[in-house]
$ cat upload_28.json   # JSON, C-alpha atoms
[["chain", "number", "residue", "atom", "x", "y", "z"],
["C", 1, "MET", "CA", -59.77, 0.25, 41.05],
["C", 2, "ASN", "CA", -62.00, 3.09, 39.81],
["C", 3, "ILE", "CA", -60.91, 6.66, 40.28],
["C", 4, "PHE", "CA", -64.47, 7.80, 39.47],
["C", 5, "GLU", "CA", -67.35, 6.35, 41.56],
["C", 6, "GLU", "CA", -70.23, 7.01, 39.24],
["C", 7, "GLY", "CA", -69.87, 8.82, 35.97],
["C", 8, "PHE", "CA", -67.38, 11.59, 36.43],
["C", 9, "LYS", "CA", -67.65, 11.84, 40.22],
["C", 10, "PHE", "CA", -64.13, 12.00, 41.65],
["C", 11, "ASN", "CA", -63.15, 9.33, 44.21],
["C", 12, "PRO", "CA", -60.24, 10.75, 46.29],
["C", 13, "SER", "CA", -59.78, 7.64, 48.43],
["C", 14, "VAL", "CA", -59.01, 5.54, 45.38],
["C", 15, "VAL", "CA", -56.55, 8.16, 44.14],
["C", 16, "VAL", "CA", -54.75, 8.21, 47.50],
["C", 17, "GLU", "CA", -54.64, 4.41, 47.58],
["C", 18, "TRP", "CA", -53.26, 4.31, 44.01],
["C", 19, "ILE", "CA", -50.60, 6.92, 44.80],
["C", 20, "ILE", "CA", -49.48, 5.08, 47.94],
["C", 21, "THR", "CA", -49.33, 1.57, 46.47],
["C", 22, "GLY", "CA", -48.05, 2.60, 43.04],
["C", 23, "GLY", "CA", -45.61, 5.11, 44.44],
["C", 24, "LEU", "CA", -44.23, 2.55, 46.88],
["C", 25, "LYS", "CA", -43.72, 0.02, 44.10],
["C", 26, "ILE", "CA", -41.97, 2.60, 41.92],
["C", 27, "LEU", "CA", -39.77, 3.68, 44.82],
["C", 28, "LEU", "CA", -38.76, 0.07, 45.51],
["C", 29, "LEU", "CA", -38.02, -0.48, 41.83],
["C", 30, "LEU", "CA", -35.84, 2.63, 41.71],
["C", 31, "ILE", "CA", -33.92, 1.53, 44.79],
["C", 32, "ALA", "CA", -33.46, -1.97, 43.40],
["C", 33, "PHE", "CA", -32.29, -0.57, 40.05],
["C", 34, "ALA", "CA", -29.84, 1.78, 41.77],
["C", 35, "ILE", "CA", -28.39, -1.16, 43.75],
["C", 36, "VAL", "CA", -28.41, -3.91, 41.11],
["C", 37, "LYS", "CA", -26.82, -1.89, 38.28],
["C", 38, "PRO", "CA", -23.52, -0.97, 40.01],
["C", 39, "LEU", "CA", -23.32, -4.39, 41.69],
["C", 40, "GLY", "CA", -23.79, -6.06, 38.30],
["C", 41, "LYS", "CA", -21.01, -3.97, 36.78],
["C", 42, "LYS", "CA", -18.65, -4.87, 39.63],
["C", 43, "ALA", "CA", -19.55, -8.55, 39.28],
["C", 44, "ILE", "CA", -18.85, -8.43, 35.53],
["C", 45, "GLY", "CA", -15.51, -6.71, 36.18],
["C", 46, "ALA", "CA", -14.49, -9.35, 38.73],
["C", 47, "ALA", "CA", -15.60, -12.20, 36.44],
["C", 48, "MET", "CA", -13.69, -10.75, 33.49],
["C", 49, "LYS", "CA", -10.56, -10.32, 35.60],
["C", 50, "ARG", "CA", -10.80, -13.96, 36.71],
["C", 51, "MET", "CA", -11.33, -15.16, 33.14],
["C", 52, "SER", "CA", -8.47, -12.98, 31.91],
["C", 53, "ASN", "CA", -6.09, -14.56, 34.41],
["C", 54, "GLN", "CA", -7.26, -18.09, 33.62],
["C", 55, "ARG", "CA", -7.06, -17.70, 29.82],
["C", 56, "LYS", "CA", -4.10, -15.30, 29.89],
["C", 57, "LEU", "CA", -5.87, -12.66, 27.84],
["C", 58, "SER", "CA", -4.10, -9.42, 26.97],
["C", 59, "ASN", "CA", -5.07, -6.32, 28.90],
["C", 60, "GLY", "CA", -6.65, -4.75, 25.80],
["C", 61, "ARG", "CA", -8.71, -7.85, 25.02],
["C", 62, "SER", "CA", -9.87, -8.10, 28.62],
["C", 63, "GLN", "CA", -10.98, -4.46, 28.72],
["C", 64, "THR", "CA", -12.76, -4.82, 25.37],
["C", 65, "LEU", "CA", -14.81, -7.82, 26.53],
["C", 66, "GLU", "CA", -15.52, -6.21, 29.90],
["C", 67, "LYS", "CA", -16.89, -3.00, 28.33],
["C", 68, "LEU", "CA", -19.00, -5.03, 25.88],
["C", 69, "ALA", "CA", -20.45, -7.19, 28.68],
["C", 70, "ILE", "CA", -21.26, -4.10, 30.74],
["C", 71, "ASN", "CA", -22.90, -2.54, 27.69],
["C", 72, "ILE", "CA", -25.15, -5.56, 27.14],
["C", 73, "PHE", "CA", -25.94, -5.77, 30.87],
["C", 74, "SER", "CA", -26.96, -2.08, 30.96],
["C", 75, "TYR", "CA", -29.35, -2.54, 28.01],
["C", 76, "SER", "CA", -30.85, -5.67, 29.59],
["C", 77, "ILE", "CA", -31.33, -4.26, 33.09],
["C", 78, "THR", "CA", -32.90, -1.09, 31.67],
["C", 79, "PHE", "CA", -35.37, -3.14, 29.62],
["C", 80, "ILE", "CA", -36.31, -5.25, 32.66],
["C", 81, "PHE", "CA", -36.75, -2.11, 34.76],
["C", 82, "ILE", "CA", -39.10, -0.55, 32.20],
["C", 83, "VAL", "CA", -41.21, -3.74, 32.00],
["C", 84, "MET", "CA", -41.49, -3.98, 35.80],
["C", 85, "LEU", "CA", -42.30, -0.27, 36.02],
["C", 86, "LEU", "CA", -45.19, -0.68, 33.58],
["C", 87, "SER", "CA", -46.40, -3.67, 35.57],
["C", 88, "ALA", "CA", -46.26, -1.63, 38.78],
["C", 89, "LEU", "CA", -48.44, 1.01, 37.13],
["C", 90, "SER", "CA", -50.98, -1.72, 36.28],
["C", 91, "ILE", "CA", -50.36, -1.34, 32.58],
["C", 92, "GLU", "CA", -50.91, -4.54, 30.62],
["C", 93, "ILE", "CA", -47.58, -5.60, 29.09],
["C", 94, "GLY", "CA", -48.93, -8.24, 26.70],
["C", 95, "PRO", "CA", -50.79, -5.89, 24.35],
["C", 96, "LEU", "CA", -47.84, -3.49, 24.42],
["C", 97, "LEU", "CA", -45.42, -6.24, 23.44],
["C", 98, "ALA", "CA", -47.75, -7.39, 20.67],
["C", 99, "GLY", "CA", -48.08, -3.83, 19.42],
["C", 100, "ALA", "CA", -44.33, -3.37, 19.68],
["C", 101, "GLY", "CA", -43.86, -6.47, 17.55],
["C", 102, "ILE", "CA", -46.11, -5.10, 14.83],
["C", 103, "VAL", "CA", -44.50, -1.67, 14.98],
["C", 104, "GLY", "CA", -41.06, -3.25, 15.04],
["C", 105, "LEU", "CA", -41.89, -5.21, 11.92],
["C", 106, "ALA", "CA", -43.10, -2.03, 10.25],
["C", 107, "ILE", "CA", -39.98, -0.02, 11.05],
["C", 108, "GLY", "CA", -37.62, -2.97, 10.67],
["C", 109, "PHE", "CA", -37.02, -2.13, 7.05],
["C", 110, "GLY", "CA", -35.83, 1.30, 8.14],
["C", 111, "ALA", "CA", -33.59, -0.10, 10.88],
["C", 112, "GLN", "CA", -31.25, -2.00, 8.61],
["C", 113, "GLY", "CA", -28.44, 0.33, 9.69],
["C", 114, "LEU", "CA", -28.84, -0.84, 13.28],
["C", 115, "VAL", "CA", -28.64, -4.48, 12.23],
["C", 116, "SER", "CA", -25.56, -3.67, 10.16],
["C", 117, "ASP", "CA", -23.99, -1.98, 13.21],
["C", 118, "ILE", "CA", -24.50, -5.07, 15.35],
["C", 119, "VAL", "CA", -23.24, -7.51, 12.73],
["C", 120, "THR", "CA", -20.14, -5.41, 11.99],
["C", 121, "GLY", "CA", -19.48, -5.00, 15.71],
["C", 122, "PHE", "CA", -19.67, -8.77, 16.14],
["C", 123, "PHE", "CA", -17.01, -9.35, 13.49],
["C", 124, "LEU", "CA", -14.81, -6.57, 14.87],
["C", 125, "LEU", "CA", -14.79, -8.38, 18.20],
["C", 126, "SER", "CA", -14.64, -11.97, 17.01],
["C", 127, "GLU", "CA", -11.79, -11.29, 14.58],
["C", 128, "ARG", "CA", -10.00, -9.09, 17.14],
["C", 129, "GLN", "CA", -9.53, -6.31, 14.63],
["C", 130, "VAL", "CA", -9.54, -3.68, 17.38],
["C", 131, "GLU", "CA", -9.19, -3.76, 21.15],
["C", 132, "VAL", "CA", -9.37, -1.17, 23.88],
["C", 133, "GLY", "CA", -6.12, 0.80, 23.99],
["C", 134, "ASP", "CA", -5.21, 0.24, 20.32],
["C", 135, "TYR", "CA", -4.28, 3.21, 18.14],
["C", 136, "VAL", "CA", -6.30, 2.80, 14.96],
["C", 137, "THR", "CA", -7.61, 4.56, 11.88],
["C", 138, "ALA", "CA", -11.26, 3.65, 11.29],
["C", 139, "GLY", "CA", -14.30, 5.34, 9.82],
["C", 140, "GLY", "CA", -12.24, 8.35, 8.79],
["C", 141, "TYR", "CA", -10.91, 8.99, 12.32],
["C", 142, "ASP", "CA", -7.56, 8.44, 14.05],
["C", 143, "GLY", "CA", -7.37, 7.73, 17.75],
["C", 144, "VAL", "CA", -7.10, 5.33, 20.65],
["C", 145, "VAL", "CA", -9.97, 2.86, 21.10],
["C", 146, "GLU", "CA", -11.88, 3.47, 24.33],
["C", 147, "GLU", "CA", -14.80, 1.12, 23.77],
["C", 148, "VAL", "CA", -16.08, -1.38, 21.22],
["C", 149, "GLY", "CA", -19.84, -1.66, 21.61],
["C", 150, "ILE", "CA", -22.52, -3.66, 19.86],
["C", 151, "ARG", "CA", -23.58, -0.53, 17.95],
["C", 152, "THR", "CA", -20.78, 2.04, 18.11],
["C", 153, "THR", "CA", -17.02, 2.19, 18.55],
["C", 154, "LEU", "CA", -15.50, 5.02, 20.57],
["C", 155, "LEU", "CA", -12.19, 6.56, 19.47],
["C", 156, "ARG", "CA", -10.34, 9.22, 21.45],
["C", 157, "SER", "CA", -8.37, 11.52, 19.14],
["C", 158, "PHE", "CA", -5.05, 12.97, 20.28],
["C", 159, "ASP", "CA", -6.63, 16.42, 20.72],
["C", 160, "GLY", "CA", -9.04, 14.89, 23.25],
["C", 161, "THR", "CA", -12.07, 14.61, 20.97],
["C", 162, "LEU", "CA", -14.21, 11.52, 21.62],
["C", 163, "ASN", "CA", -15.52, 10.15, 18.30],
["C", 164, "PHE", "CA", -18.64, 7.94, 18.23],
["C", 165, "ILE", "CA", -18.41, 5.83, 15.08],
["C", 166, "PRO", "CA", -21.37, 3.63, 13.99],
["C", 167, "ASN", "CA", -19.92, 0.19, 13.33],
["C", 168, "ARG", "CA", -21.44, 0.08, 9.85],
["C", 169, "ASN", "CA", -19.20, 3.01, 8.85],
["C", 170, "ILE", "CA", -16.07, 0.98, 9.63],
["C", 171, "SER", "CA", -15.39, -0.55, 6.24],
["C", 172, "GLY", "CA", -11.70, -1.04, 7.01],
["C", 173, "VAL", "CA", -9.42, -0.75, 10.02],
["C", 174, "ALA", "CA", -5.76, 0.27, 10.09],
["C", 175, "ASN", "CA", -4.46, -0.92, 13.45],
["C", 176, "HIS", "CA", -1.21, 0.87, 14.31],
["C", 177, "SER", "CA", -0.73, -1.04, 17.57],
["C", 178, "ARG", "CA", 0.13, -4.51, 16.36],
["C", 179, "GLY", "CA", 3.87, -5.17, 16.54],
["C", 180, "ASN", "CA", 6.78, -2.73, 16.57],
["C", 181, "MET", "CA", 6.43, 0.71, 15.03],
["C", 182, "ARG", "CA", 8.76, 2.67, 12.76],
["C", 183, "ALA", "CA", 10.60, 5.79, 13.88],
["C", 184, "LEU", "CA", 11.72, 7.83, 10.88],
["C", 185, "VAL", "CA", 13.72, 11.06, 10.98],
["C", 186, "ASP", "CA", 14.92, 13.10, 7.98],
["C", 187, "ILE", "CA", 17.74, 15.60, 8.62],
["C", 188, "GLY", "CA", 18.76, 18.14, 5.99],
["C", 189, "ILE", "CA", 22.27, 19.56, 5.63],
["C", 190, "GLY", "CA", 23.57, 22.29, 3.35],
["C", 191, "TYR", "CA", 24.97, 21.49, -0.11],
["C", 192, "ASP", "CA", 28.34, 22.93, 0.90],
["C", 193, "GLU", "CA", 28.72, 20.51, 3.83],
["C", 194, "ASN", "CA", 30.66, 17.23, 3.79],
["C", 195, "ILE", "CA", 28.08, 14.45, 3.51],
["C", 196, "ASP", "CA", 30.38, 11.71, 4.86],
["C", 197, "GLN", "CA", 31.24, 13.82, 7.91],
["C", 198, "ALA", "CA", 27.56, 14.54, 8.56],
["C", 199, "MET", "CA", 26.67, 10.86, 8.30],
["C", 200, "THR", "CA", 29.47, 9.98, 10.74],
["C", 201, "VAL", "CA", 28.12, 12.50, 13.27],
["C", 202, "LEU", "CA", 24.57, 11.21, 12.86],
["C", 203, "LYS", "CA", 25.76, 7.59, 13.18],
["C", 204, "GLU", "CA", 27.38, 8.40, 16.54],
["C", 205, "VAL", "CA", 24.08, 9.77, 17.78],
["C", 206, "ALA", "CA", 22.22, 6.72, 16.42],
["C", 207, "ASP", "CA", 24.64, 4.37, 18.18],
["C", 208, "GLU", "CA", 23.91, 6.13, 21.48],
["C", 209, "PHE", "CA", 20.18, 5.67, 20.97],
["C", 210, "ALA", "CA", 20.66, 1.96, 20.20],
["C", 211, "ASN", "CA", 20.93, 1.44, 23.97],
["C", 212, "ASP", "CA", 17.57, 3.14, 24.54],
["C", 213, "GLU", "CA", 15.10, 0.50, 25.76],
["C", 214, "ARG", "CA", 12.37, 2.03, 23.60],
["C", 215, "PHE", "CA", 14.20, 0.88, 20.47],
["C", 216, "LYS", "CA", 13.71, -2.69, 19.32],
["C", 217, "GLU", "CA", 15.88, -2.36, 16.23],
["C", 218, "GLY", "CA", 18.35, 0.34, 15.17],
["C", 219, "PRO", "CA", 18.32, 3.26, 14.68],
["C", 220, "SER", "CA", 20.43, 3.23, 11.55],
["C", 221, "VAL", "CA", 21.62, 5.98, 9.21],
["C", 222, "LEU", "CA", 20.37, 4.85, 5.81],
["C", 223, "GLY", "CA", 22.07, 7.53, 3.74],
["C", 224, "VAL", "CA", 21.01, 10.31, 1.41],
["C", 225, "GLN", "CA", 17.24, 10.17, 0.94],
["C", 226, "SER", "CA", 16.70, 13.09, -1.42],
["C", 227, "LEU", "CA", 18.18, 16.28, -2.83],
["C", 228, "GLY", "CA", 16.01, 19.22, -1.91],
["C", 229, "SER", "CA", 15.97, 22.74, -3.26],
["C", 230, "SER", "CA", 18.34, 23.93, -0.54],
["C", 231, "ASP", "CA", 19.41, 20.85, 1.39],
["C", 232, "VAL", "CA", 20.64, 17.27, 1.20],
["C", 233, "VAL", "CA", 18.28, 15.03, 3.19],
["C", 234, "ILE", "CA", 19.73, 12.17, 5.23],
["C", 235, "ARG", "CA", 17.33, 9.54, 6.58],
["C", 236, "ILE", "CA", 17.56, 7.72, 9.93],
["C", 237, "LEU", "CA", 15.29, 4.73, 10.58],
["C", 238, "GLY", "CA", 14.59, 2.43, 13.52],
["C", 239, "LYS", "CA", 11.87, 0.28, 15.09],
["C", 240, "THR", "CA", 10.43, 1.11, 18.50],
["C", 241, "GLU", "CA", 7.94, -0.18, 20.99],
["C", 242, "ASN", "CA", 4.30, 0.45, 20.21],
["C", 243, "MET", "CA", 3.19, 4.09, 20.75],
["C", 244, "GLU", "CA", 6.76, 5.20, 21.50],
["C", 245, "GLN", "CA", 7.68, 6.24, 17.96],
["C", 246, "TRP", "CA", 6.68, 9.91, 18.26],
["C", 247, "ALA", "CA", 8.62, 10.55, 21.46],
["C", 248, "VAL", "CA", 11.66, 8.76, 20.02],
["C", 249, "GLU", "CA", 11.54, 10.84, 16.82],
["C", 250, "ARG", "CA", 11.43, 14.06, 18.85],
["C", 251, "ASP", "CA", 14.40, 12.99, 20.97],
["C", 252, "LEU", "CA", 16.36, 11.95, 17.88],
["C", 253, "ARG", "CA", 15.82, 15.25, 16.12],
["C", 254, "LYS", "CA", 16.93, 17.22, 19.16],
["C", 255, "ALA", "CA", 20.07, 15.13, 19.71],
["C", 256, "MET", "CA", 21.04, 15.20, 16.02],
["C", 257, "LYS", "CA", 20.51, 18.94, 15.73],
["C", 258, "GLU", "CA", 22.79, 19.50, 18.73],
["C", 259, "ALA", "CA", 25.44, 17.09, 17.36],
["C", 260, "LEU", "CA", 25.47, 18.79, 13.93],
["C", 261, "ASP", "CA", 25.75, 22.23, 15.55],
["C", 262, "GLN", "CA", 28.66, 21.04, 17.67],
["C", 263, "ALA", "CA", 30.41, 19.67, 14.57],
["C", 264, "GLY", "CA", 29.88, 22.97, 12.74],
["C", 265, "ILE", "CA", 27.63, 21.43, 10.09],
["C", 266, "GLU", "CA", 24.92, 23.79, 8.90],
["C", 267, "ILE", "CA", 21.28, 22.82, 8.73],
["C", 268, "PRO", "CA", 19.86, 25.12, 6.05],
["C", 269, "TYR", "CA", 16.83, 27.28, 6.62],
["C", 270, "PRO", "CA", 14.86, 29.48, 4.21],
["C", 271, "HIS", "CA", 16.51, 32.77, 3.27],
["C", 272, "GLN", "CA", 14.95, 35.77, 1.66],
["C", 273, "VAL", "CA", 16.80, 38.29, -0.47],
["C", 274, "TYR", "CA", 15.40, 41.78, -0.86],
["C", 275, "VAL", "CA", 16.44, 43.80, -3.90],
["C", 276, "THR", "CA", 15.92, 47.53, -3.70],
["C", 277, "LYS", "CA", 15.81, 49.41, -6.98],
["C", 278, "LYS", "CA", 16.82, 53.06, -6.86],
["C", 279, "GLU", "CA", 15.69, 55.43, -9.52],
["C", 280, "ASN", "CA", 18.32, 57.72, -11.08],
["C", 281, "ASP", "CA", 17.95, 61.34, -10.11]]

$ encode --input "upload_28.json" --output "structure tokens"
Amino acid sequence: MNIFEEGFKFNPSVVVEWIITGGLKILLLLIAFAIVKPLGKKAIGAAMKRMSNQRKLSNGRSQTLEKLAINIFSYSITFIFIVMLLSALSIEIGPLLAGAGIVGLAIGFGAQGLVSDIVTGFFLLSERQVEVGDYVTAGGYDGVVEEVGIRTTLLRSFDGTLNFIPNRNISGVANHSRGNMRALVDIGIGYDENIDQAMTVLKEVADEFANDERFKEGPSVLGVQSLGSSDVVIRILGKTENMEQWAVERDLRKAMKEALDQAGIEIPYPHQVYVTKKEND
């Protein structure tokens, strides 16, 4: 197919034919891509749900594997689409692939970070260090895992920030979502107050919370934790369901503050004393 008949003489019929045939192929490829991609994602989701039920996988593990499979599928289908698009444009793929191999070898030494990302991501998944829905500290960030990919891990911080962490930067993971969590509350009372009376009041509140289904153990009044500059600190400790510790601590503080107020026990707060010096007339 020559766009120019002789020399630089323009051949419009060839151009029209090329636009019609090439454009039709590209249009069909775009339609196929738009149909296959969402169908593939739905098929992966259904297959993962079936496998999760058969192998009794946890919800977090199932979501982790599903997102990873969709990630790999998206990369693969995009690569296939690009290859078919080049073929539709009558561009020889063989020389491009050969050239890509040479270029890839040349830049491979500079892409060691990418290889490290993939290897680290593999171990994160195989060792089940993190799963979707876990609250973790990794790569200098705190948050809930939204996705574990072959190159990056996505963490959603509590302020809503979505952090993209290259897997190679995850040298260690602190997973806060494995097992029961600790709820710890420190309550300060004034030095002039009766410590035994205060502990009795706090124990009554703790006993009420022992029936709260969020608690797995306790809470218990441990005793005097420290002697501050203006208060005596009493510590209360219990174990709660995963991710419930913060709400439980807030509820405990509120209930204990109200109980101490009702018992007439003062919770100290900072005071300021102003001294005014008057000059003699």

$ atom_distance --input "upload_28.json" --atom1 "atom CA of Val275 of chain C" --atom2 "atom CA of Asp192 of chain C"
24.5 Å

$ residues_around --input "upload_28.json" --residues "Gly190 of chain C" --least-positions-apart "2" --cutoff "7 Å" --atoms "only C-alpha atoms" --output "ChimeraX atom specification"
/C:188,192-193,230-232,266-268

$ closest_residue --input "upload_28.json" --among "C:Ala138, C:Val201, C:Gly160, C:Asp207" --to "Gln262 of chain C" --atoms "all atoms listed in the file"
C:Val201

$ closest_residue --input "upload_28.json" --among "C:Ala198, C:Lys216, C:Gly238, C:Leu85" --to "Leu28 of chain C" --atoms "only C-alpha atoms"
C:Leu85

$ closest_residue --input "upload_28.json" --among "C:Met48, C:Leu68, C:Ile189, C:Met181" --to "Val224 of chain C" --atoms "all atoms listed in the file"
C:Ile189

$ residues_near_point --input "upload_28.json" --point "(17.1, 13.5, 15.4)" --cutoff "9 Å" --atoms "only C-alpha atoms" --output "VMD selection string"
chain C and resid 185 to 187 202 205 to 206 236 248 to 258

$ residues_around --input "upload_28.json" --residues "Phe122 of chain C" --least-positions-apart "6" --cutoff "10 Å" --atoms "only C-alpha atoms" --output "PyMOL selection string"
chain C and resi 116+128+148-151+167

$ closest_residue --input "upload_28.json" --among "C:His176, C:Lys42, C:Lys203, C:Arg214" --to "Val136 of chain C" --atoms "only C-alpha atoms"
C:His176

$ atom_distance --input "upload_28.json" --atom1 "atom CA of Gly45 of chain C" --atom2 "atom CA of Glu66 of chain C"
6.3 Å

$ closest_residue --input "upload_28.json" --among "C:Leu162, C:Val36, C:Ile265, C:Ala47" --to "Ser74 of chain C" --atoms "all atoms listed in the file"
C:Val36

$ residues_around --input "upload_28.json" --residues "Ala210 of chain C" --least-positions-apart "5" --cutoff "7 Å" --atoms "all atoms listed in the file" --output "list in words"
Phe215, Gly218 and Pro219 of chain C

$ atom_distance --input "upload_28.json" --atom1 "atom CA of Asn169 of chain C" --atom2 "atom CA of Gly139 of chain C"
5.5 Å

$ closest_residue --input "upload_28.json" --among "C:Arg178, C:Leu260, C:Gln245, C:Ile165" --to "Thr200 of chain C" --atoms "only C-alpha atoms"
C:Leu260

$ residues_near_point --input "upload_28.json" --point "(-16.7, 12.4, 14.2)" --cutoff "12 Å" --atoms "only C-alpha atoms" --output "list in words"
Ala138, Gly139, Gly140, Tyr141, Asp142, Gly143, Thr152, Thr153, Leu154, Leu155, Arg156, Ser157, Thr161, Leu162, Asn163, Phe164, Ile165, Pro166 and Asn169 of chain C

$ write_last_selection --input "upload_28.json" --atoms "C-alpha atoms" --output "short mmCIF file (atom, residue, chain, number, x, y, z; two decimals), keeping the file's coordinate frame"
data_model
loop_
_atom_site.label_atom_id
_atom_site.label_comp_id
_atom_site.auth_asym_id
_atom_site.auth_seq_id
_atom_site.Cartn_x
_atom_site.Cartn_y
_atom_site.Cartn_z
CA ALA C 138 -11.26 3.65 11.29
CA GLY C 139 -14.30 5.34 9.82
CA GLY C 140 -12.24 8.35 8.79
CA TYR C 141 -10.91 8.99 12.32
CA ASP C 142 -7.56 8.44 14.05
CA GLY C 143 -7.37 7.73 17.75
CA THR C 152 -20.78 2.04 18.11
CA THR C 153 -17.02 2.19 18.55
CA LEU C 154 -15.50 5.02 20.57
CA LEU C 155 -12.19 6.56 19.47
CA ARG C 156 -10.34 9.22 21.45
CA SER C 157 -8.37 11.52 19.14
CA THR C 161 -12.07 14.61 20.97
CA LEU C 162 -14.21 11.52 21.62
CA ASN C 163 -15.52 10.15 18.30
CA PHE C 164 -18.64 7.94 18.23
CA ILE C 165 -18.41 5.83 15.08
CA PRO C 166 -21.37 3.63 13.99
CA ASN C 169 -19.20 3.01 8.85
#

$ decode --input "upload_28.json" --residues "segment 173-179 of chain C" --atoms "all heavy atoms" --output "short mmCIF file (atom, residue, chain, number, x, y, z; two decimals), in the first residue's frame"
data_model
loop_
_atom_site.label_atom_id
_atom_site.label_comp_id
_atom_site.auth_asym_id
_atom_site.auth_seq_id
_atom_site.Cartn_x
_atom_site.Cartn_y
_atom_site.Cartn_z
N VAL C 173 7.14 -4.48 58.62
CA VAL C 173 5.71 -4.22 58.72
C VAL C 173 5.26 -4.45 60.15
O VAL C 173 5.55 -5.50 60.75
CB VAL C 173 4.90 -5.14 57.78
CG1 VAL C 173 3.40 -4.90 57.95
CG2 VAL C 173 5.30 -4.91 56.33
N ALA C 174 4.57 -3.47 60.72
CA ALA C 174 3.91 -3.64 62.02
C ALA C 174 2.42 -3.77 61.76
O ALA C 174 1.75 -2.79 61.41
CB ALA C 174 4.20 -2.44 62.92
N ASN C 175 1.92 -4.99 61.87
CA ASN C 175 0.50 -5.25 61.60
C ASN C 175 -0.27 -5.16 62.91
O ASN C 175 -0.10 -5.98 63.80
CB ASN C 175 0.34 -6.62 60.96
CG ASN C 175 -1.03 -6.80 60.33
OD1 ASN C 175 -2.04 -6.38 60.89
ND2 ASN C 175 -1.08 -7.45 59.19
N HIS C 176 -1.15 -4.14 63.00
CA HIS C 176 -1.91 -3.92 64.22
C HIS C 176 -3.25 -4.65 64.22
O HIS C 176 -4.08 -4.40 65.10
CB HIS C 176 -2.17 -2.42 64.40
CG HIS C 176 -0.94 -1.57 64.29
ND1 HIS C 176 0.06 -1.56 65.25
CD2 HIS C 176 -0.54 -0.71 63.33
CE1 HIS C 176 1.01 -0.72 64.88
NE2 HIS C 176 0.69 -0.20 63.71
N SER C 177 -3.47 -5.50 63.24
CA SER C 177 -4.79 -6.14 63.07
C SER C 177 -4.76 -7.64 63.27
O SER C 177 -5.65 -8.35 62.82
CB SER C 177 -5.33 -5.83 61.66
OG SER C 177 -5.54 -4.45 61.51
N ARG C 178 -3.73 -8.14 63.90
CA ARG C 178 -3.65 -9.57 64.14
C ARG C 178 -3.88 -9.84 65.63
O ARG C 178 -3.04 -9.53 66.47
CB ARG C 178 -2.29 -10.12 63.71
CG ARG C 178 -1.98 -9.88 62.23
CD ARG C 178 -2.90 -10.70 61.34
NE ARG C 178 -2.81 -10.30 59.94
CZ ARG C 178 -1.93 -10.79 59.08
NH1 ARG C 178 -1.03 -11.67 59.49
NH2 ARG C 178 -1.94 -10.39 57.82
N GLY C 179 -5.03 -10.38 65.97
CA GLY C 179 -5.36 -10.67 67.36
C GLY C 179 -6.05 -9.49 68.03
O GLY C 179 -6.37 -8.47 67.42
#
